[in-house]
Amino acid sequence: MDLQLQSFDGAKAGNITVSDAMFDREYNESMVHQVVTAYLAGARAGTHAQKTRSEVRGGGRKPFAQKGSGRARAGTIRSPIWRSGGTTFAAKPRDYSQKVNRKVYRNALCSILSELRRNESLVIVDKVELESPKTRDLLAKTDALGVKNALIVTENAAGNLALASRNLYDIAATDAAHVNPVALLRFEKVVMSEDSVRKLEESLL
């Protein structure tokens, strides 16, 4: 299929032929939800740690006699119902990552890209170039494209583009190799260079 190609300055630059399998696929909401959930779960550190009653220091001696004190029976001052005691269901380090088949992940990305195209949220440019690492220069380019909130995808996002975008909240830049479903769904627009489109076609199809 053919998509309109623009220059990074906003001028029309012709058409680009792309794969129907990547940009004209039916949107599968359940599959996208599964992949996004797994991606966010994999980002969790899982390093939280609390102590159970057996791990809290102290509490080895019975605090008072079993009978005759008029108080409830107690075997240790580190019981979870006591102040400074252990935690009943203590959190332990764990791995939150979820397994997602590679084919499902690729299909989900293609589904998201197809939906972005249908919603006119996808902007394809010939190439993304900045002569200087200045934020105002990048904002001038995005203003010419008519985007205020966008993810810029290039074949290599290092250099001037990375420096110019790192101080912006509504504009972000990433490599085609590091495109993820959360980033594609977070921004209102996705600006992709022609090289990044070809790179994604190689990796997803």
# chains A, B, ... in the order shown; residues from 1 in each chain; ligands from 1
$ residues_around --residues "A:Gly42" --least-positions-apart "3" --cutoff "7 Å" --atoms "only C-alpha atoms" --output "JSON, numbers by chain"
{"A": [38, 39, 96, 97, 98]}
$ residues_around --residues "A:Ala162" --least-positions-apart "5" --cutoff "12 Å" --atoms "only C-alpha atoms" --output "count of residues only"
21
$ select_by_dssp --residues "stretch 10-118 of chain A" --states "strand (DSSP E or B)" --output "PyMOL selection string"
chain A and resi 12-17
$ write_last_selection --atoms "N, CA and C atoms" --output "PDB file, in the first residue's frame"
ATOM      1  N   LYS A  12       5.341  18.264   1.406  1.00  0.00           N
ATOM      2  CA  LYS A  12       5.035  16.973   0.806  1.00  0.00           C
ATOM      3  C   LYS A  12       6.223  16.487  -0.014  1.00  0.00           C
ATOM      4  N   ALA A  13       6.553  15.193   0.169  1.00  0.00           N
ATOM      5  CA  ALA A  13       7.741  14.662  -0.505  1.00  0.00           C
ATOM      6  C   ALA A  13       7.429  13.437  -1.350  1.00  0.00           C
ATOM      7  N   GLY A  14       6.160  13.175  -1.586  1.00  0.00           N
ATOM      8  CA  GLY A  14       5.804  12.034  -2.429  1.00  0.00           C
ATOM      9  C   GLY A  14       5.128  10.928  -1.652  1.00  0.00           C
ATOM     10  N   ASN A  15       5.250   9.704  -2.153  1.00  0.00           N
ATOM     11  CA  ASN A  15       4.626   8.536  -1.533  1.00  0.00           C
ATOM     12  C   ASN A  15       5.672   7.482  -1.222  1.00  0.00           C
ATOM     13  N   ILE A  16       5.326   6.614  -0.305  1.00  0.00           N
ATOM     14  CA  ILE A  16       6.186   5.493   0.055  1.00  0.00           C
ATOM     15  C   ILE A  16       5.344   4.221   0.062  1.00  0.00           C
ATOM     16  N   THR A  17       5.864   3.164  -0.488  1.00  0.00           N
ATOM     17  CA  THR A  17       5.160   1.883  -0.519  1.00  0.00           C
ATOM     18  C   THR A  17       5.575   1.060   0.697  1.00  0.00           C
TER      19      THR A  17
END
$ residues_around --residues "A:Arg102" --least-positions-apart "2" --cutoff "12 Å" --atoms "only C-alpha atoms" --output "NGL selection string"
:A and (35 or 99-100 or 104-109 or 203-205)
$ write_last_selection --atoms "N, CA and C atoms" --output "mmCIF file, in the first residue's frame"
data_model
loop_
_atom_site.group_PDB
_atom_site.id
_atom_site.type_symbol
_atom_site.label_atom_id
_atom_site.label_comp_id
_atom_site.auth_asym_id
_atom_site.auth_seq_id
_atom_site.Cartn_x
_atom_site.Cartn_y
_atom_site.Cartn_z
ATOM 1 N N VAL A 35 0.190 -7.666 25.517
ATOM 2 C CA VAL A 35 1.580 -7.278 25.295
ATOM 3 C C VAL A 35 1.947 -6.057 26.135
ATOM 4 N N LYS A 99 5.763 -14.097 30.231
ATOM 5 C CA LYS A 99 6.220 -14.642 28.960
ATOM 6 C C LYS A 99 5.244 -14.266 27.837
ATOM 7 N N VAL A 100 5.779 -13.710 26.781
ATOM 8 C CA VAL A 100 4.989 -13.382 25.592
ATOM 9 C C VAL A 100 5.717 -13.953 24.386
ATOM 10 N N VAL A 104 3.553 -13.156 18.887
ATOM 11 C CA VAL A 104 2.464 -12.346 19.438
ATOM 12 C C VAL A 104 2.927 -10.903 19.612
ATOM 13 N N TYR A 105 4.154 -10.713 20.109
ATOM 14 C CA TYR A 105 4.686 -9.366 20.317
ATOM 15 C C TYR A 105 4.794 -8.609 18.990
ATOM 16 N N ARG A 106 5.298 -9.283 17.969
ATOM 17 C CA ARG A 106 5.433 -8.637 16.660
ATOM 18 C C ARG A 106 4.069 -8.297 16.069
ATOM 19 N N ASN A 107 3.125 -9.215 16.192
ATOM 20 C CA ASN A 107 1.780 -8.962 15.663
ATOM 21 C C ASN A 107 1.108 -7.801 16.389
ATOM 22 N N ALA A 108 1.368 -7.680 17.686
ATOM 23 C CA ALA A 108 0.783 -6.577 18.450
ATOM 24 C C ALA A 108 1.335 -5.237 17.978
ATOM 25 N N LEU A 109 2.640 -5.163 17.714
ATOM 26 C CA LEU A 109 3.225 -3.923 17.211
ATOM 27 C C LEU A 109 2.647 -3.562 15.848
ATOM 28 N N SER A 203 12.345 -6.417 10.790
ATOM 29 C CA SER A 203 12.334 -7.084 12.086
ATOM 30 C C SER A 203 10.976 -7.664 12.471
ATOM 31 N N LEU A 204 9.885 -7.082 11.954
ATOM 32 C CA LEU A 204 8.555 -7.529 12.362
ATOM 33 C C LEU A 204 7.916 -8.507 11.399
ATOM 34 N N LEU A 205 8.354 -8.525 10.147
ATOM 35 C CA LEU A 205 7.711 -9.373 9.149
ATOM 36 C C LEU A 205 8.613 -10.553 8.760
#
$ select_by_dssp --residues "stretch 12-199 of chain A" --states "alpha helix (DSSP H)" --output "PyMOL selection string"
chain A and resi 20-23+29-42+102-118+135-145+160-165+181-186+194-199
$ residues_around --residues "A:Ser79" --least-positions-apart "2" --cutoff "10 Å" --atoms "only C-alpha atoms" --output "list in words"
Thr52, Arg53, Ser54, Val56, Gly59, Ala74, Gly75, Thr76, Ile77, Ile81, Trp82, Arg83, Ser84, Gly85, Gly86, Thr87 and Thr88 of chain A
$ write_last_selection --atoms "N, CA and C atoms" --output "compact mmCIF listing (two decimals), in the first residue's frame"
# COMPACT_ATOMS: atom_id res chain seq x y z
N THR A 52 9.60 -11.19 57.94
CA THR A 52 8.57 -11.95 58.66
C THR A 52 8.92 -11.96 60.15
N ARG A 53 8.09 -12.56 60.98
CA ARG A 53 8.33 -12.59 62.42
C ARG A 53 9.60 -13.35 62.78
N SER A 54 9.99 -14.28 61.94
CA SER A 54 11.19 -15.05 62.22
C SER A 54 12.46 -14.32 61.80
N VAL A 56 12.81 -10.80 62.05
CA VAL A 56 13.02 -9.59 62.83
C VAL A 56 13.93 -9.91 64.02
N GLY A 59 13.08 -10.98 70.20
CA GLY A 59 11.84 -11.73 70.40
C GLY A 59 12.05 -13.19 70.73
N ALA A 74 1.08 -14.54 74.69
CA ALA A 74 2.07 -14.04 73.74
C ALA A 74 3.34 -14.86 73.87
N GLY A 75 3.88 -15.24 72.72
CA GLY A 75 5.10 -16.05 72.73
C GLY A 75 6.33 -15.27 72.32
N THR A 76 6.13 -14.11 71.66
CA THR A 76 7.27 -13.31 71.20
C THR A 76 6.82 -11.86 71.00
N ILE A 77 7.73 -10.95 71.26
CA ILE A 77 7.40 -9.54 71.04
C ILE A 77 7.50 -9.16 69.57
N ILE A 81 1.23 -8.69 65.29
CA ILE A 81 0.23 -7.80 65.90
C ILE A 81 0.86 -6.89 66.94
N TRP A 82 2.15 -7.03 67.14
CA TRP A 82 2.86 -6.18 68.08
C TRP A 82 3.61 -5.08 67.32
N ARG A 83 3.79 -3.95 68.00
CA ARG A 83 4.59 -2.87 67.44
C ARG A 83 6.03 -3.35 67.27
N SER A 84 6.64 -3.01 66.15
CA SER A 84 7.99 -3.43 65.77
C SER A 84 8.08 -4.92 65.48
N GLY A 85 6.93 -5.55 65.29
CA GLY A 85 6.93 -6.96 64.95
C GLY A 85 7.13 -7.18 63.45
N GLY A 86 7.12 -8.44 63.07
CA GLY A 86 7.28 -8.77 61.66
C GLY A 86 6.02 -8.49 60.86
N THR A 87 6.12 -8.63 59.54
CA THR A 87 4.98 -8.44 58.64
C THR A 87 4.33 -9.79 58.36
N THR A 88 3.00 -9.81 58.39
CA THR A 88 2.29 -11.07 58.23
C THR A 88 2.57 -11.72 56.88
$ closest_residue --among "A:Leu40, A:Val197, A:Arg186, A:Arg118" --to "A:Asn149" --atoms "only C-alpha atoms"
A:Arg186
$ residues_around --residues "A:Lys127" --least-positions-apart "2" --cutoff "7 Å" --atoms "only C-alpha atoms" --output "PyMOL selection string"
chain A and resi 7-8+125+129+193-194
$ residues_around --residues "A:Asp143" --least-positions-apart "5" --cutoff "10 Å" --atoms "only C-alpha atoms" --output "number ranges by chain"
A: 9-10, 137-138, 148
